[in-house]
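Student: If it helps, the file is called coords.cif and holds mmCIF, C-alpha atoms and all ligand atoms:
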data_upload
loop_
_atom_site.label_atom_id
_atom_site.label_comp_id
_atom_site.auth_asym_id
_atom_site.auth_seq_id
_atom_site.Cartn_x
_atom_site.Cartn_y
_atom_site.Cartn_z
CA MET P 236 -185.53 -282.02 75.41
CA ILE P 237 -189.17 -281.14 74.97
CA ILE P 238 -191.33 -284.04 73.90
CA LEU P 239 -194.72 -283.36 72.36
CA LYS P 240 -196.39 -286.72 72.80
CA ASN P 241 -199.13 -288.30 70.82
CA ALA P 242 -199.99 -285.29 68.68
CA THR P 243 -201.94 -284.85 65.49
CA LEU P 244 -199.60 -283.11 63.06
CA ILE P 245 -200.38 -280.92 60.11
CA ASP P 246 -197.33 -280.25 57.99
CA GLU P 247 -196.58 -277.40 55.58
CA ASN P 248 -198.16 -279.35 52.73
CA ALA P 249 -201.44 -279.82 54.62
CA ASN P 250 -200.83 -283.53 55.28
CA VAL P 251 -202.45 -284.65 58.52
CA ARG P 252 -200.90 -287.45 60.61
CA THR P 253 -202.20 -288.72 63.92
CA ARG P 254 -200.35 -290.25 66.89
CA GLN P 255 -196.92 -288.68 66.41
CA ASP P 256 -194.22 -287.70 68.93
CA ILE P 257 -192.08 -284.64 68.23
CA ILE P 258 -188.78 -284.40 70.04
CA VAL P 259 -187.35 -280.89 70.28
CA GLU P 260 -183.74 -280.41 71.28
CA GLY P 261 -181.25 -277.59 70.81
CA GLY P 262 -183.86 -275.38 69.19
CA ILE P 263 -184.62 -277.79 66.36
CA ILE P 264 -187.02 -280.62 65.63
CA ARG P 265 -184.75 -283.58 66.41
CA ARG P 266 -187.13 -286.45 65.71
CA ILE P 267 -190.67 -287.07 64.56
CA VAL P 268 -191.74 -290.64 65.30
CA SER P 269 -194.89 -292.68 65.53
CA SER P 270 -196.26 -292.69 69.09
CA ASP P 271 -197.20 -296.34 68.72
CA SER P 272 -193.93 -297.62 67.30
CA PRO P 273 -191.27 -294.97 67.98
CA GLN P 274 -188.70 -296.73 65.83
CA GLU P 275 -190.72 -295.55 62.84
CA ASP P 276 -190.11 -292.15 61.29
CA ILE P 277 -192.71 -289.92 59.72
CA ALA P 278 -192.36 -291.61 56.35
CA GLY P 279 -192.76 -295.11 57.82
CA GLY P 280 -189.01 -295.85 57.70
CA ASN P 281 -187.85 -298.12 60.49
CA SER P 282 -184.71 -298.18 62.62
CA PRO P 283 -184.19 -299.20 66.27
CA GLU P 284 -182.09 -296.13 67.16
CA ARG P 285 -185.05 -293.87 66.40
CA SER P 286 -186.69 -294.88 69.67
CA ALA P 287 -183.50 -294.26 71.68
CA TYR P 288 -184.77 -290.91 72.93
CA LEU P 289 -187.36 -292.77 75.05
CA ASN P 290 -184.57 -294.32 77.10
CA ASN P 291 -182.85 -290.99 77.55
CA ILE P 292 -185.65 -288.86 78.98
CA ARG P 293 -184.34 -286.95 81.99
CA ASP P 294 -186.28 -285.48 84.89
CA ASP P 295 -185.84 -281.96 83.60
CA ASP P 296 -187.11 -282.81 80.13
CA GLU P 297 -190.55 -281.42 79.46
CA VAL P 298 -193.17 -283.84 78.20
CA ILE P 299 -196.43 -282.35 76.94
CA ASP P 300 -199.30 -284.70 76.40
CA CYS P 301 -200.68 -283.60 73.02
CA THR P 302 -203.34 -286.31 72.76
CA ASP P 303 -206.01 -283.62 72.38
CA TYR P 304 -203.84 -281.12 70.52
CA VAL P 305 -202.86 -280.41 66.92
CA VAL P 306 -199.29 -279.36 66.14
CA THR P 307 -198.41 -277.29 63.06
CA PRO P 308 -195.40 -275.28 61.94
CA GLY P 309 -195.47 -271.72 63.25
CA LEU P 310 -197.22 -269.12 61.11
CA VAL P 311 -195.50 -266.38 59.13
CA ASN P 312 -196.55 -262.80 58.54
CA LEU P 313 -194.84 -261.47 55.41
CA HIS P 314 -195.70 -257.78 55.76
CA ALA P 315 -196.28 -255.84 58.93
CA HIS P 316 -195.65 -252.40 60.32
CA THR P 317 -195.67 -253.95 63.75
CA ALA P 318 -195.31 -250.71 65.72
CA MET P 319 -198.59 -249.49 64.19
CA ASN P 320 -200.51 -251.60 66.68
CA ILE P 321 -200.31 -248.39 68.72
CA PHE P 322 -202.54 -246.75 66.05
CA LYS P 323 -205.08 -249.56 65.87
CA GLY P 324 -208.49 -247.94 65.42
CA ILE P 325 -207.23 -244.35 65.06
CA ALA P 326 -208.39 -243.86 61.44
CA GLU P 327 -211.55 -245.78 60.66
CA ASP P 328 -213.82 -245.74 57.59
CA VAL P 329 -211.84 -243.23 55.52
CA GLU P 330 -210.38 -243.28 52.00
CA ALA P 331 -206.72 -244.27 51.56
CA ASP P 332 -205.52 -240.70 50.84
CA VAL P 333 -207.20 -239.33 54.00
CA TRP P 334 -205.92 -242.34 55.96
CA PHE P 335 -202.31 -241.58 54.97
CA ASN P 336 -202.19 -237.80 54.53
CA GLU P 337 -204.51 -236.57 57.26
CA MET P 338 -204.21 -239.25 59.90
CA ILE P 339 -201.37 -241.77 59.94
CA TRP P 340 -198.41 -239.85 58.55
CA PRO P 341 -199.09 -236.69 60.64
CA TYR P 342 -199.32 -238.81 63.81
CA GLU P 343 -196.27 -240.85 62.86
CA SER P 344 -194.24 -237.67 62.36
CA ARG P 345 -194.46 -237.08 66.13
CA MET P 346 -193.82 -240.64 67.30
CA THR P 347 -191.15 -241.15 69.93
CA ALA P 348 -188.74 -244.06 70.33
CA GLU P 349 -190.85 -245.25 73.28
CA ASP P 350 -194.00 -245.27 71.11
CA ILE P 351 -192.24 -247.41 68.51
CA TYR P 352 -190.91 -249.85 71.08
CA THR P 353 -194.24 -250.25 72.89
CA GLY P 354 -196.20 -250.48 69.64
CA THR P 355 -193.84 -253.14 68.31
CA VAL P 356 -193.97 -255.24 71.48
CA LEU P 357 -197.76 -254.90 71.41
CA GLY P 358 -197.94 -256.10 67.79
CA ILE P 359 -195.56 -258.97 68.52
CA ALA P 360 -197.68 -259.96 71.51
CA GLU P 361 -200.76 -260.16 69.30
CA MET P 362 -198.87 -262.18 66.70
CA ILE P 363 -197.42 -264.68 69.18
CA GLY P 364 -200.88 -265.03 70.68
CA ASN P 365 -202.15 -266.00 67.24
CA GLY P 366 -199.35 -268.47 66.48
CA VAL P 367 -197.06 -266.25 64.38
CA THR P 368 -193.41 -267.24 64.84
CA ALA P 369 -191.82 -265.15 62.05
CA VAL P 370 -192.65 -261.71 60.71
CA ALA P 371 -191.27 -259.39 58.03
CA ASP P 372 -191.39 -255.91 59.50
CA HIS P 373 -191.22 -252.67 57.53
CA TYR P 374 -190.87 -249.55 59.67
CA PHE P 375 -188.59 -246.76 60.83
CA GLY P 376 -187.15 -246.56 64.36
CA GLU P 377 -185.23 -249.78 63.65
CA GLU P 378 -183.22 -249.64 66.90
CA GLN P 379 -186.48 -249.96 68.85
CA VAL P 380 -187.92 -252.55 66.47
CA LEU P 381 -184.79 -254.66 66.87
CA LYS P 382 -184.88 -254.31 70.65
CA ALA P 383 -188.53 -255.39 70.71
CA ALA P 384 -187.73 -258.43 68.55
CA LEU P 385 -184.82 -259.46 70.77
CA ASP P 386 -186.77 -258.85 73.98
CA THR P 387 -189.75 -260.93 72.87
CA GLY P 388 -188.02 -263.78 71.03
CA ILE P 389 -190.05 -263.76 67.80
CA ARG P 390 -188.21 -264.21 64.50
CA MET P 391 -188.18 -260.89 62.70
CA ASP P 392 -186.93 -259.85 59.27
CA ILE P 393 -186.44 -256.10 59.73
CA ALA P 394 -186.50 -253.66 56.81
CA PRO P 395 -185.80 -250.12 58.06
CA THR P 396 -187.95 -247.83 55.92
CA VAL P 397 -186.26 -245.29 53.67
CA PHE P 398 -188.12 -242.46 51.92
CA GLY P 399 -186.41 -241.08 48.82
CA THR P 400 -188.38 -237.85 49.23
CA ALA P 401 -186.92 -237.11 52.67
CA PRO P 402 -184.58 -234.07 52.73
CA ASP P 403 -181.98 -236.16 54.59
CA PHE P 404 -182.28 -239.12 52.19
CA LYS P 405 -178.54 -239.73 51.72
CA ASP P 406 -177.81 -239.55 55.44
CA ARG P 407 -180.73 -241.85 56.16
CA LEU P 408 -179.53 -244.42 53.62
CA SER P 409 -176.04 -244.50 55.14
CA GLN P 410 -177.55 -244.68 58.63
CA VAL P 411 -179.53 -247.79 57.60
CA LYS P 412 -176.45 -249.28 55.96
CA GLU P 413 -174.46 -248.83 59.19
CA PHE P 414 -177.32 -250.22 61.28
CA ILE P 415 -177.45 -253.35 59.12
CA LYS P 416 -173.67 -253.79 59.27
CA ALA P 417 -173.66 -253.36 63.05
CA HIS P 418 -176.49 -255.79 63.78
CA SER P 419 -176.31 -258.47 61.11
CA ASN P 420 -175.06 -261.04 63.61
CA ASP P 421 -177.09 -260.08 66.67
CA SER P 422 -179.29 -263.18 66.71
CA ASP P 423 -180.32 -266.10 64.51
CA ARG P 424 -183.88 -264.88 65.07
CA VAL P 425 -183.22 -261.55 63.36
CA ALA P 426 -182.57 -260.84 59.68
CA LEU P 427 -182.04 -257.43 58.10
CA ARG P 428 -182.77 -256.04 54.65
CA PHE P 429 -183.38 -252.68 52.99
CA GLY P 430 -186.86 -251.17 53.03
CA PRO P 431 -187.41 -248.49 50.37
CA HIS P 432 -190.93 -247.36 51.27
CA SER P 433 -192.33 -247.60 47.71
CA ASN P 434 -191.61 -246.48 44.17
CA TYR P 435 -193.78 -243.36 44.58
CA THR P 436 -191.95 -242.19 47.72
CA CYS P 437 -188.55 -243.00 46.18
CA PRO P 438 -188.60 -240.95 42.96
CA GLY P 439 -185.79 -240.18 40.52
CA SER P 440 -182.59 -242.07 41.21
CA THR P 441 -183.30 -242.66 44.92
CA LEU P 442 -184.88 -246.10 44.40
CA GLU P 443 -181.88 -247.18 42.35
CA GLU P 444 -179.50 -245.90 45.03
CA ILE P 445 -181.21 -248.02 47.68
CA VAL P 446 -181.30 -251.06 45.39
CA ASP P 447 -177.59 -250.62 44.56
CA THR P 448 -176.71 -250.40 48.25
CA ALA P 449 -178.72 -253.56 49.00
CA ARG P 450 -177.11 -255.42 46.09
CA SER P 451 -173.62 -254.33 47.10
CA MET P 452 -174.27 -255.98 50.49
CA ASN P 453 -175.96 -258.99 48.89
CA LEU P 454 -179.20 -258.23 50.70
CA PRO P 455 -182.83 -258.32 49.58
CA ILE P 456 -185.37 -255.49 49.75
CA HIS P 457 -188.94 -255.13 51.02
CA LEU P 458 -191.16 -252.39 49.57
CA HIS P 459 -194.73 -251.41 48.70
CA LEU P 460 -195.60 -251.80 45.02
CA SER P 461 -198.86 -251.31 43.09
CA GLU P 462 -200.92 -251.33 46.24
CA GLU P 463 -203.82 -249.36 44.78
CA GLU P 464 -204.92 -248.67 41.20
CA PRO P 465 -204.36 -244.87 41.36
CA GLN P 466 -200.68 -245.57 42.17
CA VAL P 467 -200.31 -247.40 38.88
CA ILE P 468 -202.10 -244.65 36.95
CA THR P 469 -199.97 -241.91 38.56
CA SER P 470 -196.78 -243.89 37.95
CA ARG P 471 -197.68 -244.18 34.24
CA GLU P 472 -198.43 -240.45 34.04
CA LYS P 473 -195.19 -239.44 35.76
CA THR P 474 -192.75 -242.03 34.39
CA GLY P 475 -194.56 -243.81 31.55
CA ARG P 476 -194.09 -247.07 33.44
CA THR P 477 -195.88 -249.25 36.01
CA PRO P 478 -194.40 -249.43 39.54
CA PHE P 479 -193.05 -252.92 38.72
CA GLU P 480 -191.37 -251.56 35.56
CA VAL P 481 -189.84 -248.74 37.60
CA LEU P 482 -188.39 -251.24 40.09
CA HIS P 483 -187.18 -253.47 37.26
CA ASP P 484 -185.36 -250.55 35.61
CA ALA P 485 -183.75 -249.72 38.96
CA GLY P 486 -182.28 -253.26 39.03
CA GLY P 487 -184.60 -254.25 41.88
CA PHE P 488 -185.45 -257.73 40.64
CA GLN P 489 -181.79 -258.70 40.48
CA THR P 490 -181.91 -259.15 44.23
CA GLY P 491 -184.54 -260.75 46.47
CA VAL P 492 -187.74 -258.69 46.67
CA LEU P 493 -190.55 -258.90 49.13
CA VAL P 494 -193.39 -257.04 47.42
CA ALA P 495 -195.87 -255.72 49.92
CA HIS P 496 -199.28 -256.03 48.22
CA GLY P 497 -198.78 -255.94 44.44
CA LEU P 498 -202.60 -256.03 44.37
CA TRP P 499 -202.61 -254.12 41.08
CA VAL P 500 -199.80 -256.09 39.40
CA GLU P 501 -200.41 -256.36 35.64
CA GLU P 502 -199.91 -259.37 33.40
CA SER P 503 -197.05 -257.59 31.61
CA ASP P 504 -195.31 -257.07 34.98
CA VAL P 505 -195.05 -260.80 35.70
CA PRO P 506 -192.15 -261.62 33.32
CA LEU P 507 -190.09 -258.86 34.98
CA LEU P 508 -190.08 -260.58 38.36
CA GLY P 509 -186.98 -262.33 39.65
CA GLU P 510 -186.58 -265.89 40.92
CA ASP P 511 -186.64 -264.58 44.46
CA THR P 512 -189.62 -262.24 44.24
CA TRP P 513 -192.33 -262.80 46.83
CA PHE P 514 -195.70 -261.16 47.30
CA ALA P 515 -197.13 -260.44 50.74
CA PHE P 516 -200.87 -260.38 50.18
CA CYS P 517 -202.95 -258.53 52.79
CA PRO P 518 -206.63 -258.83 51.80
CA LYS P 519 -208.15 -257.27 54.91
CA THR P 520 -206.48 -253.91 54.21
CA TYR P 521 -207.70 -254.01 50.59
CA MET P 522 -211.24 -254.79 51.66
CA LYS P 523 -211.28 -252.19 54.44
CA LEU P 524 -209.85 -249.37 52.32
CA GLY P 525 -211.96 -250.33 49.29
CA TYR P 526 -209.04 -251.02 46.91
CA GLY P 527 -211.00 -253.24 44.52
CA ARG P 528 -210.11 -256.46 42.76
CA GLY P 529 -206.69 -255.89 41.20
CA GLY P 530 -204.61 -257.89 38.73
CA PHE P 531 -203.15 -260.06 41.50
CA PHE P 532 -206.28 -262.19 41.42
CA SER P 533 -205.88 -263.10 37.74
CA ASN P 534 -202.10 -263.61 38.02
CA TYR P 535 -201.46 -265.27 41.39
CA ASP P 536 -201.11 -268.74 39.88
CA ARG P 537 -197.79 -267.54 38.43
CA LEU P 538 -196.52 -265.75 41.55
CA HIS P 539 -194.80 -266.80 44.76
CA PHE P 540 -196.98 -265.46 47.51
CA GLY P 541 -197.79 -265.69 51.18
CA PHE P 542 -199.87 -263.48 53.43
CA GLY P 543 -199.21 -260.32 55.39
CA THR P 544 -201.30 -258.30 57.80
CA ASP P 545 -200.03 -254.83 56.96
CA GLY P 546 -200.19 -252.48 59.93
CA ALA P 547 -202.97 -252.81 62.49
CA ALA P 548 -204.04 -249.22 61.75
CA SER P 549 -205.47 -250.44 58.44
CA SER P 550 -206.28 -254.09 59.17
CA ASN P 551 -207.19 -253.85 62.88
CA THR P 552 -205.50 -257.15 63.68
CA VAL P 553 -202.16 -258.77 62.93
CA ASN P 554 -203.78 -262.20 62.91
CA ILE P 555 -202.41 -263.94 59.83
CA ILE P 556 -204.95 -266.78 59.83
CA GLU P 557 -207.64 -264.13 59.38
CA GLN P 558 -205.88 -262.85 56.22
CA ALA P 559 -205.63 -266.36 54.76
CA ARG P 560 -209.27 -266.98 55.64
CA LEU P 561 -210.43 -263.76 53.97
CA PHE P 562 -208.45 -264.58 50.83
CA ALA P 563 -210.08 -268.01 50.54
CA LEU P 564 -213.54 -266.57 51.15
CA LEU P 565 -213.02 -263.72 48.67
CA GLU P 566 -211.98 -266.13 45.95
CA LYS P 567 -214.89 -268.47 46.54
CA PHE P 568 -217.35 -265.57 46.64
CA GLU P 569 -216.09 -263.60 43.65
CA ARG P 570 -215.61 -266.60 41.39
CA ARG P 571 -218.82 -268.28 42.50
CA ASP P 572 -216.76 -271.41 42.97
CA ALA P 573 -216.51 -273.13 46.37
CA LEU P 574 -213.62 -275.31 45.18
CA VAL P 575 -211.30 -272.58 43.86
CA MET P 576 -209.26 -272.07 47.06
CA ASP P 577 -209.76 -275.00 49.43
CA ALA P 578 -208.29 -275.27 52.92
CA ALA P 579 -205.23 -277.23 51.77
CA ALA P 580 -204.44 -274.73 48.99
CA VAL P 581 -204.70 -271.68 51.23
CA TRP P 582 -202.67 -273.42 53.98
CA LYS P 583 -199.86 -274.17 51.50
CA HIS P 584 -199.69 -270.51 50.50
CA LEU P 585 -199.65 -269.47 54.13
CA MET P 586 -196.76 -271.86 54.83
CA GLU P 587 -194.92 -271.06 51.60
CA GLY P 588 -194.44 -267.56 52.98
CA HIS P 589 -191.65 -268.94 55.18
CA THR P 590 -189.55 -269.47 52.06
CA ALA P 591 -189.47 -265.70 51.50
CA LEU P 592 -187.55 -265.24 54.76
CA PRO P 593 -184.09 -266.61 55.60
CA PHE P 594 -184.96 -268.52 58.78
CA GLY P 595 -185.59 -272.00 57.32
CA SER P 596 -188.76 -272.23 59.41
CA GLY P 597 -192.20 -273.46 58.40
CA ARG P 598 -191.21 -277.11 57.98
CA MET P 599 -192.47 -280.08 59.99
CA GLN P 600 -189.23 -281.91 59.39
CA GLU P 601 -186.37 -283.30 61.41
CA GLY P 602 -183.58 -280.73 61.53
CA ALA P 603 -185.90 -277.77 60.94
CA PRO P 604 -186.09 -274.95 63.51
CA ALA P 605 -188.54 -275.88 66.27
CA ASP P 606 -190.99 -273.10 65.44
CA LEU P 607 -194.31 -274.71 66.24
CA VAL P 608 -197.88 -273.99 67.24
CA ILE P 609 -199.84 -276.33 69.48
CA TRP P 610 -203.55 -275.85 68.88
CA ASP P 611 -206.34 -276.78 71.25
CA LEU P 612 -209.36 -277.20 69.02
CA TRP P 613 -211.54 -278.64 71.78
CA THR P 614 -213.21 -275.30 72.49
CA PRO P 615 -216.70 -273.97 71.73
CA ASP P 616 -215.19 -271.73 69.00
CA THR P 617 -213.91 -274.63 66.95
CA CYS P 618 -216.11 -277.57 68.02
CA ALA P 619 -217.40 -279.72 66.65
CA PHE P 620 -214.61 -280.30 64.22
CA TYR P 621 -214.13 -283.12 61.78
CA ASN P 622 -211.07 -281.82 59.96
CA PRO P 623 -208.43 -280.03 62.07
CA LEU P 624 -207.08 -278.02 59.12
CA SER P 625 -210.42 -276.50 58.21
CA ALA P 626 -211.14 -275.89 61.92
CA ILE P 627 -207.92 -273.84 62.12
CA LEU P 628 -208.53 -271.97 58.88
CA TYR P 629 -212.24 -271.28 59.15
CA SER P 630 -212.96 -271.20 62.91
CA ALA P 631 -209.89 -270.78 65.11
CA GLY P 632 -208.75 -267.67 66.98
CA SER P 633 -206.01 -266.82 69.45
CA ALA P 634 -207.79 -268.73 72.23
CA ASN P 635 -207.12 -271.92 70.26
CA VAL P 636 -203.36 -271.28 70.24
CA ARG P 637 -202.29 -273.13 73.38
CA TYR P 638 -198.53 -272.90 72.82
CA THR P 639 -196.33 -270.89 70.46
CA MET P 640 -192.74 -272.07 70.24
CA VAL P 641 -189.80 -270.34 68.52
CA GLY P 642 -186.44 -272.12 68.35
CA GLY P 643 -187.58 -274.60 71.00
CA GLU P 644 -188.58 -271.82 73.40
CA PHE P 645 -192.19 -271.29 74.45
CA LEU P 646 -193.31 -267.69 73.90
CA LYS P 647 -196.84 -268.69 74.79
CA ALA P 648 -197.49 -271.62 77.09
CA ASP P 649 -200.69 -273.05 78.48
CA GLY P 650 -202.61 -270.28 76.75
CA ARG P 651 -200.61 -267.44 78.32
CA LEU P 652 -198.06 -265.14 76.76
CA LYS P 653 -194.61 -265.23 78.29
CA LEU P 654 -194.30 -261.45 78.19
CA ASN P 655 -195.91 -259.37 80.90
CA VAL P 656 -199.21 -258.22 79.39
CA LYS P 657 -200.29 -256.19 82.43
CA GLU P 658 -197.13 -254.10 82.31
CA LEU P 659 -197.45 -253.72 78.55
CA MET P 660 -201.02 -252.41 78.89
CA GLN P 661 -199.98 -249.89 81.54
CA ASP P 662 -197.19 -248.64 79.33
CA LEU P 663 -199.52 -248.51 76.34
CA ARG P 664 -202.09 -246.35 78.16
CA LEU P 665 -199.39 -243.81 78.95
CA ARG P 666 -198.02 -243.83 75.39
CA GLN P 667 -201.51 -243.48 73.91
CA LYS P 668 -202.31 -240.48 76.12
CA GLU P 669 -199.04 -238.75 75.23
CA LEU P 670 -199.46 -239.49 71.55
CA LEU P 671 -202.92 -237.90 71.42
CA GLY P 672 -201.65 -234.99 73.54
CA ARG P 673 -198.85 -234.27 71.04
CA GLY P 674 -201.35 -234.44 68.16
CA LYS P 675 -200.53 -234.39 64.47
CA GLY P 676 -197.32 -233.01 62.97
CA LYS P 677 -196.37 -232.27 59.41
CA ALA P 678 -195.62 -235.34 57.31
CA GLN P 679 -192.60 -235.32 55.00
CA VAL P 680 -194.33 -237.46 52.40
CA TYR P 681 -197.58 -237.34 50.49
CA TYR P 682 -199.78 -240.18 49.30
CA GLY P 683 -201.49 -239.95 45.93
ZN ZN P 701 -197.65 -251.68 54.26
#
Can you turn what I pasted into structure tokens?
Tutor:
Amino acid sequence: MIILKNATLIDENANVRTRQDIIVEGGIIRRIVSSDSPQEDIAGGNSPERSAYLNNIRDDDEVIDCTDYVVTPGLVNLHAHTAMNIFKGIAEDVEADVWFNEMIWPYESRMTAEDIYTGTVLGIAEMIGNGVTAVADHYFGEEQVLKAALDTGIRMDIAPTVFGTAPDFKDRLSQVKEFIKAHSNDSDRVALRFGPHSNYTCPGSTLEEIVDTARSMNLPIHLHLSEEEPQVITSREKTGRTPFEVLHDAGGFQTGVLVAHGLWVEESDVPLLGEDTWFAFCPKTYMKLGYGRGGFFSNYDRLHFGFGTDGAASSNTVNIIEQARLFALLEKFERRDALVMDAAAVWKHLMEGHTALPFGSGRMQEGAPADLVIWDLWTPDTCAFYNPLSAILYSAGSANVRYTMVGGEFLKADGRLKLNVKELMQDLRLRQKELLGRGKGKAQVYYG
């Protein structure tokens, strides 16, 4: 057992409770009881057996005094190209078409398996450091991505990317299908789904072919849709339909869909969405690449959404709190209304993102996976604080994440990552040198 004693808890609905003990056992939250009267549960219900754990503490049980700490569910990142941490800072202050066509895709075309593995571990390290316990990844090189997920212990929903424009499209689709079949039971911390890159890189019948394959295996998809306004305009010119209409006609909304971005979703797109359609909103990328204020902002009240970071090559960090913070600030600023997206509202959206993934995490409840963050807010960055939730949302950084726990296992403890950062940095330096030495290749796809 791990016992987090005397903590302040913030649950997924932004409720704050002080003086609580959390008992973790077998990878789940076994009990949450009042520190003062442990027979009481979180709702004030009372039964003598609730305090039984106190009589059963063994020498090898770990007790962490959380008197000065705040415990929340782990954070979730709904859209990342985790391996792209290796490209962080490689294409700065350029337009989206230059970013894709002249920088990222040419470099990616010469990536090796080692680059993908190291980049993914690097991205995961940053996420764990910032309290992320579950991430939806969208990238190629899925064998390496999977290995990185298993080696590090984060929960990862992996969508191997498929481009309909690739000359080997059919082979690639069957390769992904076989990969998913082979690895669907590897770990309860890994989930797999199909990742068509986007409607514009999956033209003709290719999008439908991917959707059909996913549906035949009863799996959801994760793809980019209506990320930037020109994509919507081009889609209308080429097909007479918006990207959402194209996906709808391909049967896409009849399965679960994780929409990366959807920044330029239109009002008429909303009725097309399925019950299990989720948006991963990544405001830092939109601000950095100058995408403008799309239809998402006038429609989000009717959408299921959480936050994503996108790849670190466009957003420079994979810190999900930063994305939630930027969204709240953007809304307040643009609408000239300080009340429009308060800390509780933005926290609920952040937590709701867990529902888009199949791990059952993101709940401060007995029986839920023990995916938790223990925050130390008694630092100069966050002090003074009067409300722990707003301190986390508006002030905190990775230094405030004291512990990150996934399935009852600490991936960060006492402020230090479990994985070997020194070794990772050495490996990264080598990879970075080789990557620049190889230079840019010819991309198979074109943005715009
Ligand atoms: Zn993306």
Student: Residues at most 8 Å from ligand ZN 701 (chain P), using all atoms listed in the file? Could they come as an mmCIF file with C-alpha atoms, in the coordinates of the input?
Tutor:
data_model
loop_
_atom_site.group_PDB
_atom_site.id
_atom_site.type_symbol
_atom_site.label_atom_id
_atom_site.label_comp_id
_atom_site.auth_asym_id
_atom_site.auth_seq_id
_atom_site.Cartn_x
_atom_site.Cartn_y
_atom_site.Cartn_z
ATOM 1 C CA HIS P 314 -195.700 -257.780 55.760
ATOM 2 C CA ALA P 315 -196.280 -255.840 58.930
ATOM 3 C CA HIS P 316 -195.650 -252.400 60.320
ATOM 4 C CA HIS P 373 -191.220 -252.670 57.530
ATOM 5 C CA HIS P 459 -194.730 -251.410 48.700
ATOM 6 C CA ALA P 495 -195.870 -255.720 49.920
ATOM 7 C CA HIS P 496 -199.280 -256.030 48.220
ATOM 8 C CA ASP P 545 -200.030 -254.830 56.960
ATOM 9 C CA GLY P 546 -200.190 -252.480 59.930
#
Student: Need to verify the contact set: Leu564 of chain P, 10 Å, only C-alpha atoms, exclusion of same-chain residues closer than 4 positions in sequence. Can you return it as a ChimeraX atom specification?
Tutor: /P:558-560,568-570,573,575-577,629
Student: Tell me which protein, DNA and RNA residues are within 7 Å of Phe375 of chain P, counting all atoms listed in the file, leaving out same-chain ones fewer than 2 positions away, and put them as a list in words.
Tutor: Glu377, Pro395 and Thr396 of chain P
Student: To one decimal place in Å, what is the distance between atom CA of Thr353 of chain P and atom CA of Asp328 of chain P?
Tutor: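 Taking atom CA of Thr353 of chain P as the start and atom CA of Asp328 of chain P as the end point, the length is 25.3 Å.
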Student: May I ask for the distance between atom CA of Ala318 of chain P and atom CA of Gly358 of chain P, given in Å to one decimal place?
Tutor: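 Atom-to-atom, atom CA of Ala318 of chain P and atom CA of Gly358 of chain P are spaced 6.3 Å apart.
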Student: Between atom CA of Gln489 of chain P and atom CA of Arg450 of chain P, what distance in Å does the model show, to one decimal?
Tutor: 8.0 Å
Student: If we count all atoms listed in the file and set the cut-off at 6 Å, which residues sit around segment 504-519 of chain P, ignoring sequence neighbours fewer than 6 positions away in its own chain? Please answer as a ChimeraX atom specification.
Tutor: /P:313-314,488,491-496,539-544,550
Student: Within 8 Å of (-185.3, -286.2, 68.3) in the file's own coordinates, which protein, DNA or RNA residues have an atom, counting all atoms listed in the file? List them as a list in words.
Tutor: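 Checking each residue against the 8 Å limit leaves Ile257, Ile258, Val259, Glu260, Ile264, Arg265, Arg266, Ile267, Arg285, Tyr288 and Glu601 of chain P.
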Student: Check the smallest atom-to-atom distance from each of P:Val481, P:Ala369, P:Leu524, P:Leu460 to Val608 of chain P using all atoms listed in the file, then report the winner.
Tutor: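 The answer is P:Ala369, which sits nearest to Val608 of chain P.
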